[in-house]
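This report concerns only the one structure given below.
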Amino acid sequence: MSALTVEPVPGHGQDWDDIVRIWEETDAPEGCKVEIIEEIVTVSPPPSKDHNTTAALLQRRLYTVIPEDWEIYQTLGLSLPGRGGIYIPDLVVVPRAVASGPGNTVPAEEALLVAEITSRSNANHDRVSKVNGYAKAGVELFLLLDPWHSGRPTATLYGEPEGGTYRVLETVEYGRKLTLPEPFGLVLDTDVLPVS
């Protein structure tokens, strides 16, 4: 099943607040992810078992290197209002203080690391729209785990956002090691990640 879009009512002159209201009121089936990508409310089906296993394995490794006052979230919304989006990454690392309090989103620029795991049905959102959105928001590190990349699963680490563009810090095929720089200092062995 591919991602569905919820189009605003034509001619209604939707502004950001209207789009967020539609996002908040979208009644999606349990487990589905509702995001705003390029000012369009998008509903994605629940992730596959391999997708969930990948997220769990990455989360387990990240917990060994992050400070006590940081947390890892799988359902925390990141707001990019000037960029037409509210993304819900597969994993995001933020200081606990940033994610505390009312509401269900935090500013994307507060994220220390964002990870997205592509699904066959909506891989281009992660490969294009989200890479651009996170870079423009100034997210320091973006890890794209792409088991659907041209038949060869790859892991790509983006960083050093400048002028709304990332620099590719490292790309490896699954089976090789990728290094997350400080403050993480983690060598990620992609050999353990499932290939969908």
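Letters for chains follow the order of the structure tokens (A, B, ...), residue numbers begin at 1 for each chain, and ligand numbers begin at 1 in the order shown.
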Using DSSP on the backbone coordinates, identify the residues of region 62-184 of chain A assigned to alpha helix (DSSP H); present them as an NGL selection string. :A and (62-63 or 123-124 or 131-137)
List the neighbours of region 79-90 of chain A out to 7 Å using only C-alpha atoms; skip same-chain residues closer than 3 positions along the sequence, and give me the result as a PyMOL selection string. chain A and resi 35-39+55+74-76+105-108+114-117+133+137
Would you put the residues from that selection into a file with all heavy atoms, as a compact mmCIF listing (two decimals), in the first residue's frame?
```txt
# COMPACT_ATOMS: atom_id res chain seq x y z
N GLU A 35 1.72 12.83 8.14
CA GLU A 35 2.73 13.89 8.07
C GLU A 35 2.26 14.97 7.12
O GLU A 35 1.33 14.76 6.33
CB GLU A 35 4.06 13.33 7.55
CG GLU A 35 4.66 12.25 8.41
CD GLU A 35 5.93 11.68 7.80
OE1 GLU A 35 5.81 10.90 6.82
OE2 GLU A 35 7.01 12.00 8.30
N ILE A 36 2.93 16.11 7.19
CA ILE A 36 2.75 17.15 6.18
C ILE A 36 4.07 17.22 5.42
O ILE A 36 5.11 17.51 6.01
CB ILE A 36 2.42 18.52 6.80
CG1 ILE A 36 1.16 18.45 7.65
CG2 ILE A 36 2.28 19.57 5.70
CD1 ILE A 36 0.86 19.71 8.43
N ILE A 37 4.01 16.91 4.14
CA ILE A 37 5.19 16.92 3.29
C ILE A 37 4.90 17.86 2.12
O ILE A 37 3.96 17.63 1.35
CB ILE A 37 5.55 15.51 2.79
CG1 ILE A 37 5.81 14.58 3.99
CG2 ILE A 37 6.76 15.55 1.86
CD1 ILE A 37 6.01 13.13 3.64
N GLU A 38 5.69 18.92 2.03
CA GLU A 38 5.50 19.94 1.00
C GLU A 38 4.06 20.46 0.98
O GLU A 38 3.42 20.53 -0.06
CB GLU A 38 5.94 19.41 -0.37
CG GLU A 38 7.42 19.08 -0.39
CD GLU A 38 7.90 18.46 -1.70
OE1 GLU A 38 7.06 18.13 -2.57
OE2 GLU A 38 9.12 18.31 -1.84
N GLU A 39 3.56 20.77 2.17
CA GLU A 39 2.23 21.36 2.39
C GLU A 39 1.08 20.43 2.00
O GLU A 39 -0.04 20.89 1.77
CB GLU A 39 2.11 22.72 1.69
CG GLU A 39 3.07 23.73 2.25
CD GLU A 39 2.89 25.13 1.67
OE1 GLU A 39 2.08 25.30 0.73
OE2 GLU A 39 3.55 26.04 2.18
N ALA A 55 14.56 0.00 12.87
CA ALA A 55 14.46 1.11 13.83
C ALA A 55 14.86 0.66 15.23
O ALA A 55 15.58 1.37 15.94
CB ALA A 55 13.04 1.66 13.83
N GLN A 74 10.32 7.65 18.37
CA GLN A 74 9.89 7.09 17.09
C GLN A 74 8.60 7.70 16.57
O GLN A 74 8.21 7.43 15.44
CB GLN A 74 9.71 5.57 17.20
CG GLN A 74 11.02 4.84 17.36
CD GLN A 74 10.85 3.34 17.20
OE1 GLN A 74 9.97 2.87 16.50
NE2 GLN A 74 11.72 2.59 17.84
N THR A 75 7.94 8.53 17.36
CA THR A 75 6.67 9.12 16.91
C THR A 75 6.59 10.61 17.18
O THR A 75 5.50 11.18 17.17
CB THR A 75 5.47 8.42 17.59
OG1 THR A 75 5.60 8.53 19.01
CG2 THR A 75 5.39 6.96 17.19
N LEU A 76 7.70 11.26 17.39
CA LEU A 76 7.72 12.68 17.69
C LEU A 76 7.71 13.49 16.39
O LEU A 76 8.51 13.25 15.50
CB LEU A 76 8.97 13.04 18.50
CG LEU A 76 9.11 14.49 18.93
CD1 LEU A 76 7.99 14.89 19.89
CD2 LEU A 76 10.48 14.71 19.59
N THR A 105 4.72 18.36 18.64
CA THR A 105 5.84 18.60 17.72
C THR A 105 6.90 19.44 18.42
O THR A 105 6.62 20.14 19.41
CB THR A 105 5.41 19.35 16.44
OG1 THR A 105 4.95 20.66 16.79
CG2 THR A 105 4.33 18.60 15.68
N VAL A 106 8.11 19.35 17.90
CA VAL A 106 9.20 20.23 18.31
C VAL A 106 9.80 20.82 17.04
O VAL A 106 9.68 20.23 15.96
CB VAL A 106 10.29 19.48 19.13
CG1 VAL A 106 9.70 18.89 20.40
CG2 VAL A 106 10.97 18.41 18.32
N PRO A 107 10.45 21.98 17.14
CA PRO A 107 11.10 22.53 15.95
C PRO A 107 12.17 21.57 15.43
O PRO A 107 12.98 21.05 16.20
CB PRO A 107 11.71 23.84 16.46
CG PRO A 107 10.95 24.17 17.70
CD PRO A 107 10.57 22.86 18.31
N ALA A 108 12.18 21.33 14.14
CA ALA A 108 13.12 20.38 13.55
C ALA A 108 14.56 20.73 13.85
O ALA A 108 15.40 19.84 14.03
CB ALA A 108 12.89 20.29 12.04
N VAL A 114 18.42 12.72 12.97
CA VAL A 114 17.17 12.18 12.45
C VAL A 114 17.52 10.98 11.59
O VAL A 114 18.51 11.00 10.85
CB VAL A 114 16.43 13.24 11.60
CG1 VAL A 114 15.30 12.60 10.82
CG2 VAL A 114 15.89 14.35 12.48
N ALA A 115 16.73 9.91 11.72
CA ALA A 115 16.92 8.73 10.87
C ALA A 115 15.60 8.40 10.19
O ALA A 115 14.55 8.41 10.82
CB ALA A 115 17.39 7.54 11.70
N GLU A 116 15.67 8.16 8.90
CA GLU A 116 14.53 7.70 8.12
C GLU A 116 14.91 6.38 7.47
O GLU A 116 16.04 6.20 7.00
CB GLU A 116 14.15 8.72 7.03
CG GLU A 116 13.66 10.05 7.54
CD GLU A 116 12.21 10.05 8.04
OE1 GLU A 116 11.56 8.97 8.04
OE2 GLU A 116 11.75 11.13 8.44
N ILE A 117 13.95 5.45 7.46
CA ILE A 117 14.11 4.14 6.84
C ILE A 117 13.12 4.09 5.69
O ILE A 117 11.92 4.21 5.91
CB ILE A 117 13.84 3.02 7.85
CG1 ILE A 117 14.74 3.18 9.08
CG2 ILE A 117 14.01 1.65 7.19
CD1 ILE A 117 14.21 2.51 10.34
N GLY A 133 14.09 19.07 3.26
CA GLY A 133 13.45 19.71 4.40
C GLY A 133 14.34 19.74 5.63
O GLY A 133 14.46 20.78 6.30
N ALA A 137 16.03 23.03 7.44
CA ALA A 137 15.73 23.29 8.85
C ALA A 137 17.00 23.34 9.70
O ALA A 137 16.95 23.77 10.84
CB ALA A 137 14.78 22.21 9.40
```
I need the residue nearest Asn132 (chain A) from this list: A:Gln59, A:Thr165, A:Gly159, A:Leu144. Use only C-alpha atoms for the distance. A:Thr165
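Comparing the minimum interatomic distances between Arg60 (chain A) and each of A:Ala135, A:Leu141, A:Leu180, A:Leu188, counting only C-alpha atoms, we find that A:Leu188 sits nearest.
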So which residues touch Arg152 (chain A) within 9 Å, counting only C-alpha atoms, skipping near sequence neighbours fewer than 4 positions away, as an MDAnalysis selection string? chainID A and resid 146:148 173:174
For the selection you just gave me, I'd like the residues written to a file as a PDB file, in the first residue's frame, keeping N, CA, C and O atoms.
```
ATOM      1  N   ASP A 146      18.295   2.930   3.483  1.00  0.00           N
ATOM      2  CA  ASP A 146      17.515   2.729   2.264  1.00  0.00           C
ATOM      3  C   ASP A 146      17.658   1.299   1.740  1.00  0.00           C
ATOM      4  O   ASP A 146      18.463   1.032   0.848  1.00  0.00           O
ATOM      5  N   PRO A 147      16.841   0.365   2.285  1.00  0.00           N
ATOM      6  CA  PRO A 147      16.916  -1.008   1.792  1.00  0.00           C
ATOM      7  C   PRO A 147      16.388  -1.175   0.369  1.00  0.00           C
ATOM      8  O   PRO A 147      16.559  -2.229  -0.225  1.00  0.00           O
ATOM      9  N   TRP A 148      15.792  -0.128  -0.214  1.00  0.00           N
ATOM     10  CA  TRP A 148      15.220  -0.198  -1.554  1.00  0.00           C
ATOM     11  C   TRP A 148      16.064   0.530  -2.585  1.00  0.00           C
ATOM     12  O   TRP A 148      15.658   0.682  -3.734  1.00  0.00           O
ATOM     13  N   GLU A 173      27.151   0.510   1.408  1.00  0.00           N
ATOM     14  CA  GLU A 173      26.176  -0.540   1.154  1.00  0.00           C
ATOM     15  C   GLU A 173      25.990  -1.320   2.440  1.00  0.00           C
ATOM     16  O   GLU A 173      26.919  -1.429   3.247  1.00  0.00           O
ATOM     17  N   TYR A 174      24.779  -1.852   2.647  1.00  0.00           N
ATOM     18  CA  TYR A 174      24.547  -2.694   3.814  1.00  0.00           C
ATOM     19  C   TYR A 174      25.596  -3.804   3.831  1.00  0.00           C
ATOM     20  O   TYR A 174      25.938  -4.366   2.798  1.00  0.00           O
TER      21      TYR A 174
END
```
Write out as a list in words which residues come within 6 Å of region 17-34 of chain A when counting only C-alpha atoms, dropping same-chain ones fewer than 2 positions away. Gln14, Asp15, Val41, Thr42, Val43, Ser44, Pro45 and Pro46 of chain A
For Arg127 (chain A), which residue out of A:Arg61, A:His149, A:His51, A:Arg96 is the nearest one, using only C-alpha atoms? A:His149
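Closest approach to Pro181 (chain A) among A:Leu112, A:Val92, A:Ala123, A:Ile72 is made by A:Leu112 (distances from only C-alpha atoms).
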